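Enquirer: Here you go, target_26.txt (compact mmCIF, C-alpha atoms):
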```txt
# COMPACT_ATOMS: atom_id res chain seq x y z
CA ASP A 144 -3.89 18.03 -11.63
CA THR A 145 -5.13 14.43 -11.76
CA GLU A 146 -7.24 14.58 -8.64
CA VAL A 147 -10.87 14.06 -7.90
CA THR A 148 -11.71 15.79 -4.64
CA GLN A 149 -14.64 14.73 -2.50
CA THR A 150 -16.03 16.54 0.51
CA PRO A 151 -16.73 15.82 3.25
CA LYS A 152 -14.52 12.81 3.98
CA HIS A 153 -16.85 11.62 6.73
CA LEU A 154 -20.51 12.38 7.36
CA VAL A 155 -22.88 11.26 10.07
CA MET A 156 -26.51 12.15 9.50
CA GLY A 157 -29.87 11.39 10.99
CA MET A 158 -32.68 9.85 9.00
CA THR A 159 -34.54 13.16 8.84
CA ASN A 160 -31.55 15.25 7.79
CA LYS A 161 -30.74 16.72 4.40
CA LYS A 162 -27.11 16.76 3.39
CA SER A 163 -25.04 16.96 0.23
CA LEU A 164 -21.87 15.28 -0.98
CA LYS A 165 -19.60 17.20 -3.28
CA CYS A 166 -17.16 16.08 -5.96
CA GLU A 167 -14.81 18.26 -7.98
CA GLN A 168 -12.33 17.61 -10.78
CA HIS A 169 -10.31 19.95 -12.96
CA MET A 170 -9.06 17.50 -15.55
CA GLY A 171 -11.62 18.54 -18.17
CA HIS A 172 -13.38 15.19 -17.84
CA ARG A 173 -16.93 15.21 -19.14
CA ALA A 174 -18.15 11.91 -17.68
CA MET A 175 -18.71 11.84 -13.93
CA TYR A 176 -19.96 9.01 -11.75
CA TRP A 177 -21.39 8.25 -8.34
CA TYR A 178 -20.74 4.82 -6.86
CA LYS A 179 -21.83 3.30 -3.57
CA GLN A 180 -19.52 0.80 -1.91
CA LYS A 181 -20.45 -1.33 1.08
CA ALA A 182 -17.75 -3.02 3.12
CA LYS A 183 -16.04 -5.89 1.33
CA LYS A 184 -18.12 -5.34 -1.80
CA PRO A 185 -17.33 -3.86 -5.21
CA PRO A 186 -18.33 -0.32 -6.12
CA GLU A 187 -21.94 -0.28 -7.27
CA LEU A 188 -22.85 2.24 -9.98
CA MET A 189 -25.52 4.76 -9.05
CA PHE A 190 -25.44 7.61 -11.58
CA VAL A 191 -23.50 8.71 -14.64
CA TYR A 192 -23.39 12.24 -16.00
CA SER A 193 -22.12 12.77 -19.50
CA TYR A 194 -21.54 16.37 -20.62
CA GLU A 195 -23.52 17.59 -17.60
CA LYS A 196 -26.56 15.52 -18.52
CA LEU A 197 -27.76 12.52 -16.53
CA SER A 198 -27.22 9.53 -18.80
CA ILE A 199 -27.51 6.62 -16.40
CA ASN A 200 -29.60 6.18 -13.26
CA GLU A 201 -29.28 2.65 -11.93
CA SER A 202 -32.77 2.65 -10.40
CA VAL A 203 -31.51 4.54 -7.39
CA PRO A 204 -34.14 5.50 -4.76
CA SER A 205 -35.31 9.11 -4.98
CA ARG A 206 -33.85 9.90 -1.57
CA PHE A 207 -30.59 10.22 -3.54
CA SER A 208 -30.66 13.16 -5.94
CA PRO A 209 -27.68 13.89 -8.18
CA GLU A 210 -26.82 17.26 -9.66
CA CYS A 211 -24.13 18.38 -12.10
CA PRO A 212 -24.03 22.20 -11.97
CA ASN A 213 -21.07 22.45 -14.35
CA SER A 214 -18.42 20.30 -15.99
CA SER A 215 -16.19 20.30 -12.90
CA LEU A 216 -18.71 19.68 -10.17
CA LEU A 217 -20.94 16.82 -9.16
CA ASN A 218 -23.21 16.79 -6.14
CA LEU A 219 -25.25 14.10 -4.48
CA HIS A 220 -28.14 15.41 -2.38
CA LEU A 221 -29.30 13.14 0.42
CA HIS A 222 -32.67 13.24 2.12
CA ALA A 223 -34.50 10.86 4.45
CA LEU A 224 -31.84 8.18 4.23
CA GLN A 225 -32.03 4.81 5.92
CA PRO A 226 -29.36 3.14 8.06
CA GLU A 227 -28.74 0.65 5.23
CA ASP A 228 -27.58 3.58 3.09
CA SER A 229 -24.47 3.81 5.25
CA ALA A 230 -21.55 3.17 2.92
CA LEU A 231 -18.55 4.71 1.18
CA TYR A 232 -19.73 6.99 -1.62
CA LEU A 233 -17.20 7.31 -4.41
CA CYS A 234 -17.09 9.86 -7.17
CA ALA A 235 -15.18 9.13 -10.37
CA SER A 236 -14.51 10.88 -13.65
CA ARG A 237 -13.24 9.94 -17.07
CA ARG A 238 -12.70 11.76 -20.33
CA GLY A 239 -16.04 12.13 -22.03
CA GLN A 240 -14.65 12.03 -25.55
CA ALA A 241 -13.32 8.51 -25.24
CA ARG A 242 -15.25 5.72 -23.58
CA ASP A 243 -12.26 3.47 -23.14
CA THR A 244 -10.31 5.56 -20.71
CA GLU A 245 -9.36 5.10 -17.11
CA ALA A 246 -11.58 6.29 -14.31
CA PHE A 247 -10.11 8.55 -11.65
CA PHE A 248 -11.71 8.03 -8.26
CA GLY A 249 -11.97 10.42 -5.37
CA GLN A 250 -11.10 9.37 -1.83
CA GLY A 251 -14.78 8.90 -1.06
CA THR A 252 -17.19 10.11 1.60
CA ARG A 253 -17.81 7.64 4.38
CA LEU A 254 -21.47 8.10 5.27
CA THR A 255 -23.11 6.84 8.43
CA VAL A 256 -26.88 7.16 8.79
CA VAL A 257 -28.12 6.99 12.38
CA GLY B 139 -28.19 -8.39 -16.41
CA GLN B 140 -24.47 -8.60 -16.94
CA GLN B 141 -22.49 -10.19 -14.13
CA VAL B 142 -18.75 -10.14 -13.57
CA MET B 143 -17.42 -12.68 -11.11
CA GLN B 144 -13.92 -12.96 -9.72
CA ILE B 145 -12.21 -15.89 -8.07
CA PRO B 146 -10.89 -16.40 -5.56
CA GLN B 147 -12.73 -14.10 -3.19
CA TYR B 148 -9.76 -14.04 -0.79
CA GLN B 149 -6.13 -15.11 -1.09
CA HIS B 150 -3.46 -15.17 1.57
CA VAL B 151 0.08 -15.70 0.29
CA GLN B 152 3.57 -15.66 1.77
CA GLU B 153 5.68 -12.81 0.56
CA GLY B 154 7.52 -13.97 -2.54
CA GLU B 155 4.78 -16.33 -3.70
CA ASP B 156 2.83 -15.76 -6.88
CA PHE B 157 -0.82 -14.72 -7.01
CA THR B 158 -3.52 -14.94 -9.69
CA THR B 159 -7.06 -13.62 -9.80
CA TYR B 160 -9.56 -14.57 -12.48
CA CYS B 161 -12.39 -12.46 -13.84
CA ASN B 162 -15.34 -13.98 -15.71
CA SER B 163 -18.16 -12.14 -17.42
CA SER B 164 -21.54 -13.53 -18.39
CA THR B 165 -21.38 -11.51 -21.64
CA THR B 166 -18.73 -10.49 -24.16
CA LEU B 167 -16.87 -7.37 -23.09
CA SER B 168 -15.75 -4.44 -25.23
CA ASN B 169 -12.77 -4.02 -22.96
CA ILE B 170 -11.69 -4.76 -19.43
CA GLN B 171 -10.01 -2.56 -16.86
CA TRP B 172 -8.25 -3.55 -13.67
CA TYR B 173 -8.23 -1.52 -10.47
CA LYS B 174 -6.53 -1.91 -7.11
CA GLN B 175 -8.06 -0.68 -3.88
CA ARG B 176 -5.83 -0.55 -0.82
CA PRO B 177 -7.48 -1.05 2.58
CA GLY B 178 -9.27 2.19 3.48
CA GLY B 179 -8.51 3.63 0.05
CA HIS B 180 -10.19 4.18 -3.27
CA PRO B 181 -9.89 2.23 -6.53
CA VAL B 182 -6.83 3.11 -8.58
CA PHE B 183 -6.59 2.25 -12.26
CA LEU B 184 -3.96 -0.32 -13.21
CA ILE B 185 -4.48 -1.18 -16.86
CA GLN B 186 -6.91 -1.64 -19.73
CA LEU B 187 -7.15 -4.54 -22.17
CA VAL B 188 -9.05 -4.16 -25.42
CA LYS B 189 -8.01 -6.85 -27.91
CA SER B 190 -8.90 -10.52 -27.84
CA GLY B 191 -5.99 -12.52 -26.41
CA GLU B 192 -4.12 -9.39 -25.35
CA VAL B 193 -1.34 -9.72 -22.78
CA LYS B 194 0.17 -6.72 -21.00
CA LYS B 195 2.89 -6.54 -18.37
CA GLN B 196 3.64 -3.97 -15.73
CA LYS B 197 6.78 -4.98 -13.83
CA ARG B 198 5.66 -7.98 -11.74
CA LEU B 199 2.03 -7.80 -12.93
CA THR B 200 0.79 -9.66 -16.02
CA PHE B 201 -2.69 -9.08 -17.40
CA GLN B 202 -4.49 -11.25 -19.94
CA PHE B 203 -7.72 -10.85 -21.89
CA GLY B 204 -9.35 -14.06 -23.06
CA GLU B 205 -9.79 -14.97 -26.70
CA ALA B 206 -13.58 -14.78 -26.40
CA LYS B 207 -13.33 -11.47 -24.50
CA LYS B 208 -15.38 -12.90 -21.62
CA ASN B 209 -12.59 -13.49 -19.13
CA SER B 210 -9.40 -11.95 -17.90
CA SER B 211 -6.68 -12.65 -15.38
CA LEU B 212 -4.14 -10.75 -13.31
CA HIS B 213 -0.98 -12.54 -12.21
CA ILE B 214 1.49 -11.10 -9.73
CA THR B 215 4.94 -12.66 -9.59
CA ALA B 216 6.81 -12.71 -6.28
CA THR B 217 4.30 -10.78 -4.21
CA GLN B 218 5.40 -8.02 -1.89
CA THR B 219 3.65 -6.53 1.13
CA THR B 220 2.86 -3.47 -0.99
CA ASP B 221 0.62 -5.67 -3.16
CA VAL B 222 -1.93 -5.97 -0.36
CA GLY B 223 -5.40 -4.81 -1.36
CA THR B 224 -8.47 -5.77 -3.32
CA TYR B 225 -8.15 -6.23 -7.06
CA PHE B 226 -11.21 -5.51 -9.19
CA CYS B 227 -11.79 -6.07 -12.86
CA ALA B 228 -14.35 -3.83 -14.55
CA GLY B 229 -15.98 -4.57 -17.89
CA ARG B 230 -17.68 -2.02 -20.09
CA SER B 231 -21.38 -2.50 -20.74
CA GLY B 232 -22.80 0.31 -22.83
CA THR B 233 -21.20 3.66 -23.54
CA TYR B 234 -20.02 4.74 -20.13
CA LYS B 235 -21.18 1.95 -17.87
CA TYR B 236 -18.51 -0.21 -16.30
CA ILE B 237 -19.53 -3.18 -14.18
CA PHE B 238 -17.10 -4.03 -11.41
CA GLY B 239 -16.25 -7.62 -10.67
CA THR B 240 -16.75 -9.04 -7.21
CA GLY B 241 -13.08 -8.47 -6.32
CA THR B 242 -10.25 -10.56 -4.92
CA ARG B 243 -8.78 -9.51 -1.59
CA LEU B 244 -5.08 -10.23 -1.35
CA LYS B 245 -3.18 -10.47 1.91
CA VAL B 246 0.58 -10.91 1.86
CA LEU B 247 2.25 -12.38 4.91
CA ALA B 248 5.79 -11.15 5.52
```
For the file at hand, write its structure as structure tokens.

Expert:
Amino acid sequence: DTEVTQTPKHLVMGMTNKKSLKCEQHMGHRAMYWYKQKAKKPPELMFVYSYEKLSINESVPSRFSPECPNSSLLNLHLHALQPEDSALYLCASRRGQARDTEAFFGQGTRLTVV
Amino acid sequence: GQQVMQIPQYQHVQEGEDFTTYCNSSTTLSNIQWYKQRPGGHPVFLIQLVKSGEVKKQKRLTFQFGEAKKNSSLHITATQTTDVGTYFCAGRSGTYKYIFGTGTRLKVLA
């Protein structure tokens, strides 16, 4: 199984809503990532978890709250988002034991904030 | 901070023509990875280059890492319509942090 599964695929939420994005992988990868991608732009790193601990936070606003409950799961909790937060949110994983390994990306959650 | 730029931003080619995208980093890279993202899809890993001056081939794709490890290129010979997409380089900065290049969007006209 070389898949990274993200749910939901699409999400529309109001600015006062609370929602969560979910990412799951069963490849035994210990590094997991959240990226934000706007149209026609490269993926922009948000968070990195290494061995279930947050190792990188790219100065992301607190309305985005990541969580890594176990080695297979990664969540991104959303609260009080702005319309400019509308984007494709990508989860990725790579083997934690070796830094120089490929990243496997999920299909993404396309988020629209209204 | 580290920046990774790619040129060109867009490229339209006739099917059968060659295509090259260039990736330039403001700092020396430990390694470089290349990804392809089809329209509406997600990035998919193509290859990794680690050594200075390294050249790798995958069928019609040729990847190069510069001698100074600050630039890289991807060359596609005889493009096909299946090559359509955006090609990103990604350079490692720190232990797990990869910075994506700005991307080159390729369109292939049949």

Enquirer: Once you count only C-alpha atoms, what closest atom pair and distance in Å to one decimal does each residue of segment 145-242 of chain A within 9 Å of segment 234-244 of chain B have, with rows by chain and rising residue number, as a tab-separated table?

Expert:
```
residue	atom	partner	partner_atom	distance
A:Ala174	CA	B:Tyr234	CA	7.8
A:Lys183	CA	B:Gly241	CA	8.6
A:Lys184	CA	B:Thr240	CA	6.7
A:Pro185	CA	B:Thr240	CA	5.6
A:Pro186	CA	B:Phe238	CA	6.6
A:Glu187	CA	B:Phe238	CA	7.4
A:Leu188	CA	B:Ile237	CA	7.6
A:Val191	CA	B:Tyr234	CA	7.6
A:Ser193	CA	B:Tyr234	CA	8.3
A:Ser198	CA	B:Tyr234	CA	8.7
A:Ile199	CA	B:Lys235	CA	8.0
A:Gly239	CA	B:Tyr234	CA	8.6
A:Arg242	CA	B:Tyr234	CA	6.0
```

Enquirer: Report, in Å with one decimal, the straight-line distance from atom CA of Cys166 of chain A to atom CA of Gln140 of chain B.

Expert: 28.0 Å

Enquirer: Quick one, how far is atom CA of Gly232 of chain B from atom CA of Val147 of chain A?

Expert: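 Spanning atom CA of Gly232 of chain B to atom CA of Val147 of chain A is a straight-line distance of 23.5 Å.
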
Enquirer: In Å, with one decimal, what is the gap from atom CA of Ser211 of chain B to atom CA of Ile170 of chain B?

Expert: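 Atom CA of Ser211 of chain B sits 10.2 Å away from atom CA of Ile170 of chain B.
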
Enquirer: Quick one: which residues from chain A are at most 12 Å off chain B, using only C-alpha atoms, as an NGL selection string?

Expert: :A and (145-149 or 152 or 173-194 or 197-201 or 231-253)

Enquirer: Can you tell me, as a list in words, what residues are no more than 12 Å from Gln152 of chain B when counting all atoms listed in the file, ignoring any on the same chain fewer than 3 positions away?

Expert: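 Selected residues are Gln149, Glu155, Asp156, Phe157, Thr215, Ala216, Thr217, Gln218, Thr219, Asp221, Val222, Leu244, Lys245, Val246, Leu247 and Ala248 of chain B.
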
Enquirer: Would you output that residue set with C-alpha atoms, as a short mmCIF file (atom, residue, chain, number, x, y, z; two decimals), in the frame of the given file?

Expert:
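Saved result, out_25.cif, follows:
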```
data_model
loop_
_atom_site.label_atom_id
_atom_site.label_comp_id
_atom_site.auth_asym_id
_atom_site.auth_seq_id
_atom_site.Cartn_x
_atom_site.Cartn_y
_atom_site.Cartn_z
CA GLN B 149 -6.13 -15.11 -1.09
CA GLU B 155 4.78 -16.33 -3.70
CA ASP B 156 2.83 -15.76 -6.88
CA PHE B 157 -0.82 -14.72 -7.01
CA THR B 215 4.94 -12.66 -9.59
CA ALA B 216 6.81 -12.71 -6.28
CA THR B 217 4.30 -10.78 -4.21
CA GLN B 218 5.40 -8.02 -1.89
CA THR B 219 3.65 -6.53 1.13
CA ASP B 221 0.62 -5.67 -3.16
CA VAL B 222 -1.93 -5.97 -0.36
CA LEU B 244 -5.08 -10.23 -1.35
CA LYS B 245 -3.18 -10.47 1.91
CA VAL B 246 0.58 -10.91 1.86
CA LEU B 247 2.25 -12.38 4.91
CA ALA B 248 5.79 -11.15 5.52
#
```
